[in-house]
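A.B. asks: Quick one: this structure, given as structure tokens, is what I'll be asking you about.
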Amino acid sequence: MKNEILKMLKEKNDFISEGEIAKEFHMTRSAILKYINILKEESYDIDFMQNKGYKLISVPDKLTFEEIEKYLNTKYIGRKIYYYETIDSTNNKAKELNKEEEGTLIIAEEQNSGKGRLGRQWISPKRKGIWMSLLLKPKVDPLKVSKITLVGAAAIHKAFENMGIKSHIKWPNDIIINNKKVCGILTEMNCELNLINYVVLGIGINVNFDKEDIPSDLLDKATSLKIELDKEISRQNLLGNILNEFELLYEDFLEYNAEKTISICKENSILIGKDVQIIRGNNIKIGKAIDMNIEGELIVQYENGDLENIYSGEVSIRGLYGYI
Ligand code: ADP
């Protein structure tokens, strides 16, 4: 009921009398007040005037379904959202909720133990980023799942572009602005021999971080949209954009083997054409990233001319002298 009252206040966009609300929802004035107070506790700013009623003044900067719905035009991606103020990791919660339908989104304002690849830590301060995980159930060969990371990267790149933000994709799982990481993706899968039970696509985007929010040891490789653009970005608008772009590219992945994603990742790659270090545990090789194939593998050429197709997940790629 709280959400219905909120919707009515939003639609009216002006004062609305208690009588009108009471009539619409067949409730008493004290019941209305109870829901208004809940909304206020959730940081909705609602004005009250004795003879005019209630008016919604402002909505909180939260990534709830009610606040992103107006930006969404998806069929099933993000249509059901589990929203948390604080959580250990959205990927862990998505795994717990694996019986939910495809497209369910887990979102938190803050993660206590956000994860990167290989168990590395991912910092996720409160309300400064988008920390989320999508539950997916693609009916494809489990070998194709690493491509979903690229679908996520391409969707974020496109969403940034829609909002006038230029970025590059660092194969296979990071988005880069001015040579620093603004977003990371962590895909996890649960499958049997040739059947996928579910995939969790975890995405972390540094949106409104200030420099002080970044630990000093990460300053040379991490940044945020706010730092690079020198202005705050609407997380709600950005999230809606990402989910819309993701659904289109995910459908293309299911039907056409992700042709659109591969071309976005190729055209906007920060690695292709560069000399890179290919790191497998303690083993480091140097080669040149020359292309990406239709399977989404990075093609590297070594000094002796040998070519290698690198399957994501098994390696870390670095520039010769730093992160890129
Ligand atoms: P990499 O990109 O180094 O291969 P991952 O994709 O696993 O590694 O991401 C985890 C790493 O990213 C961490 O070890 C840390 O160096 C860095 N990191 C952690 N939190 C953030 C963040 N919010 N933004 C950018 N980089 C981060």
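By order in the structure tokens, chains are A, B, ...; within a chain, residues start at 1; ligands start at 1, following the order shown.
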List as a Markdown table every residue of chain A that is in contact with ligand 1, defined as an atom at most 9 Å from one of its atoms (using only C-alpha atoms and all ligand atoms), together with the nearest atom pair and the distance in Å rounded to one decimal, sorted by chain and then rising number.
C.D. replies:
| residue | atom | partner | partner_atom_place_in_ligand_line | distance |
| --- | --- | --- | --- | --- |
| A:Gly114 | CA | ligand 1 | 20 (N) | 8.0 |
| A:Lys115 | CA | ligand 1 | 10 (C) | 6.9 |
| A:Gly116 | CA | ligand 1 | 7 (O) | 3.7 |
| A:Arg117 | CA | ligand 1 | 7 (O) | 3.3 |
| A:Leu118 | CA | ligand 1 | 7 (O) | 5.9 |
| A:Gly119 | CA | ligand 1 | 7 (O) | 7.1 |
| A:Arg120 | CA | ligand 1 | 14 (O) | 4.7 |
| A:Gln121 | CA | ligand 1 | 13 (C) | 5.2 |
| A:Trp122 | CA | ligand 1 | 20 (N) | 3.5 |
| A:Ile123 | CA | ligand 1 | 20 (N) | 4.0 |
| A:Ser124 | CA | ligand 1 | 23 (N) | 5.7 |
| A:Pro125 | CA | ligand 1 | 23 (N) | 8.1 |
| A:Gly129 | CA | ligand 1 | 23 (N) | 8.3 |
| A:Lys170 | CA | ligand 1 | 2 (O) | 8.6 |
| A:Pro172 | CA | ligand 1 | 6 (O) | 8.8 |
| A:Asn173 | CA | ligand 1 | 6 (O) | 6.3 |
| A:Asp174 | CA | ligand 1 | 2 (O) | 6.3 |
| A:Lys180 | CA | ligand 1 | 25 (C) | 7.9 |
| A:Lys181 | CA | ligand 1 | 25 (C) | 5.1 |
| A:Val182 | CA | ligand 1 | 25 (C) | 5.7 |
| A:Cys183 | CA | ligand 1 | 24 (N) | 6.1 |
| A:Gly184 | CA | ligand 1 | 6 (O) | 5.6 |
| A:Ile185 | CA | ligand 1 | 6 (O) | 6.6 |
| A:Leu186 | CA | ligand 1 | 6 (O) | 6.9 |
| A:Gly204 | CA | ligand 1 | 23 (N) | 6.9 |
| A:Ile205 | CA | ligand 1 | 23 (N) | 7.0 |
| A:Asn206 | CA | ligand 1 | 23 (N) | 5.8 |
| A:Phe209 | CA | ligand 1 | 23 (N) | 8.9 |
| A:Ile214 | CA | ligand 1 | 23 (N) | 7.5 |
| A:Pro215 | CA | ligand 1 | 20 (N) | 8.8 |
| A:Asp217 | CA | ligand 1 | 16 (O) | 8.1 |
| A:Leu218 | CA | ligand 1 | 16 (O) | 6.1 |
| A:Leu219 | CA | ligand 1 | 25 (C) | 8.8 |
| A:Lys221 | CA | ligand 1 | 26 (N) | 6.7 |
| A:Ala222 | CA | ligand 1 | 25 (C) | 4.2 |
| A:Thr223 | CA | ligand 1 | 25 (C) | 6.5 |
| A:Ser224 | CA | ligand 1 | 24 (N) | 7.7 |
| A:Val315 | CA | ligand 1 | 4 (O) | 8.0 |
| A:Ser316 | CA | ligand 1 | 4 (O) | 5.0 |
| A:Ile317 | CA | ligand 1 | 4 (O) | 6.8 |
| A:Arg318 | CA | ligand 1 | 4 (O) | 8.0 |
| A:Tyr323 | CA | ligand 1 | 3 (O) | 7.8 |
A.B. asks: In range 110-275 of chain A, what's helix (DSSP H, G or I) per DSSP? Answer as a PyMOL selection string?
C.D. replies: chain A and resi 117-119+142-144+146-162+211-213+216-218+225-229+235-256+259-267
A.B. asks: Using only C-alpha atoms, pick whichever of A:Phe48, A:Tyr35, A:Tyr198, A:Ile176 has the shortest atom-to-atom distance to Ser17 in chain A.
C.D. replies: A:Phe48
A.B. asks: Might you pull out every residue within 8 Å of range 9-12 of chain A, with only C-alpha atoms counted and same-chain residues fewer than 6 positions away left off, and present them as a list of chain:residue names?
C.D. replies: A:Tyr54, A:Lys55, A:Leu56
A.B. asks: Can you spit out the residues from that selection as a PDB file, in the first residue's frame, using N, CA, C and O atoms?
C.D. replies:
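Now in part.pdb:
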ATOM      1  N   TYR A  54      -1.037  16.239   1.300  1.00  0.00           N
ATOM      2  CA  TYR A  54       0.377  15.822   1.189  1.00  0.00           C
ATOM      3  C   TYR A  54       0.959  16.149  -0.189  1.00  0.00           C
ATOM      4  O   TYR A  54       0.255  16.093  -1.196  1.00  0.00           O
ATOM      5  N   LYS A  55       2.249  16.455  -0.178  1.00  0.00           N
ATOM      6  CA  LYS A  55       2.944  16.680  -1.458  1.00  0.00           C
ATOM      7  C   LYS A  55       4.348  16.061  -1.379  1.00  0.00           C
ATOM      8  O   LYS A  55       5.058  16.255  -0.389  1.00  0.00           O
ATOM      9  N   LEU A  56       4.713  15.357  -2.448  1.00  0.00           N
ATOM     10  CA  LEU A  56       6.055  14.762  -2.500  1.00  0.00           C
ATOM     11  C   LEU A  56       7.039  15.836  -2.960  1.00  0.00           C
ATOM     12  O   LEU A  56       6.898  16.404  -4.044  1.00  0.00           O
TER      13      LEU A  56
END
A.B. asks: Range 119-215 of chain A near range 91-109 of chain A within 10 Å: what's each residue's closest atom pair and its distance in Å to one decimal, counting only C-alpha atoms, ordered by chain then ascending residue number, as CSV?
C.D. replies:
residue,atom,partner,partner_atom,distance
A:Ser124,CA,A:Glu109,CA,8.3
A:Pro125,CA,A:Glu109,CA,7.7
A:Lys126,CA,A:Glu109,CA,5.2
A:Arg127,CA,A:Glu109,CA,5.0
A:Lys128,CA,A:Glu109,CA,7.8
A:Gly129,CA,A:Glu109,CA,7.5
A:Ile130,CA,A:Glu109,CA,7.3
A:Trp131,CA,A:Ala108,CA,5.8
A:Met132,CA,A:Ile107,CA,4.4
A:Ser133,CA,A:Ile106,CA,5.2
A:Leu134,CA,A:Leu105,CA,4.7
A:Leu135,CA,A:Thr104,CA,5.4
A:Leu136,CA,A:Glu102,CA,4.8
A:Lys137,CA,A:Glu102,CA,5.6
A:Pro138,CA,A:Glu102,CA,8.4
A:Leu186,CA,A:Asn91,CA,8.4
A:Thr187,CA,A:Asn91,CA,8.7
A:Glu188,CA,A:Asn91,CA,8.0
A:Met189,CA,A:Lys95,CA,9.1
A:Asn190,CA,A:Lys95,CA,8.8
A:Asn197,CA,A:Asn98,CA,8.5
A:Tyr198,CA,A:Asn98,CA,6.8
A:Val199,CA,A:Lys95,CA,8.5
A:Val200,CA,A:Asn91,CA,6.4
A:Leu201,CA,A:Asn91,CA,7.5
A:Gly202,CA,A:Asn91,CA,5.8
A:Ile203,CA,A:Asn91,CA,9.0
A.B. asks: Please run DSSP on the backbone and report, as a PyMOL selection string, all residues within range 103-228 of chain A that come out as strand (DSSP E).
C.D. replies: chain A and resi 105-111+114-115+121-122+129-136+168-170+174-177+180-192+195-206
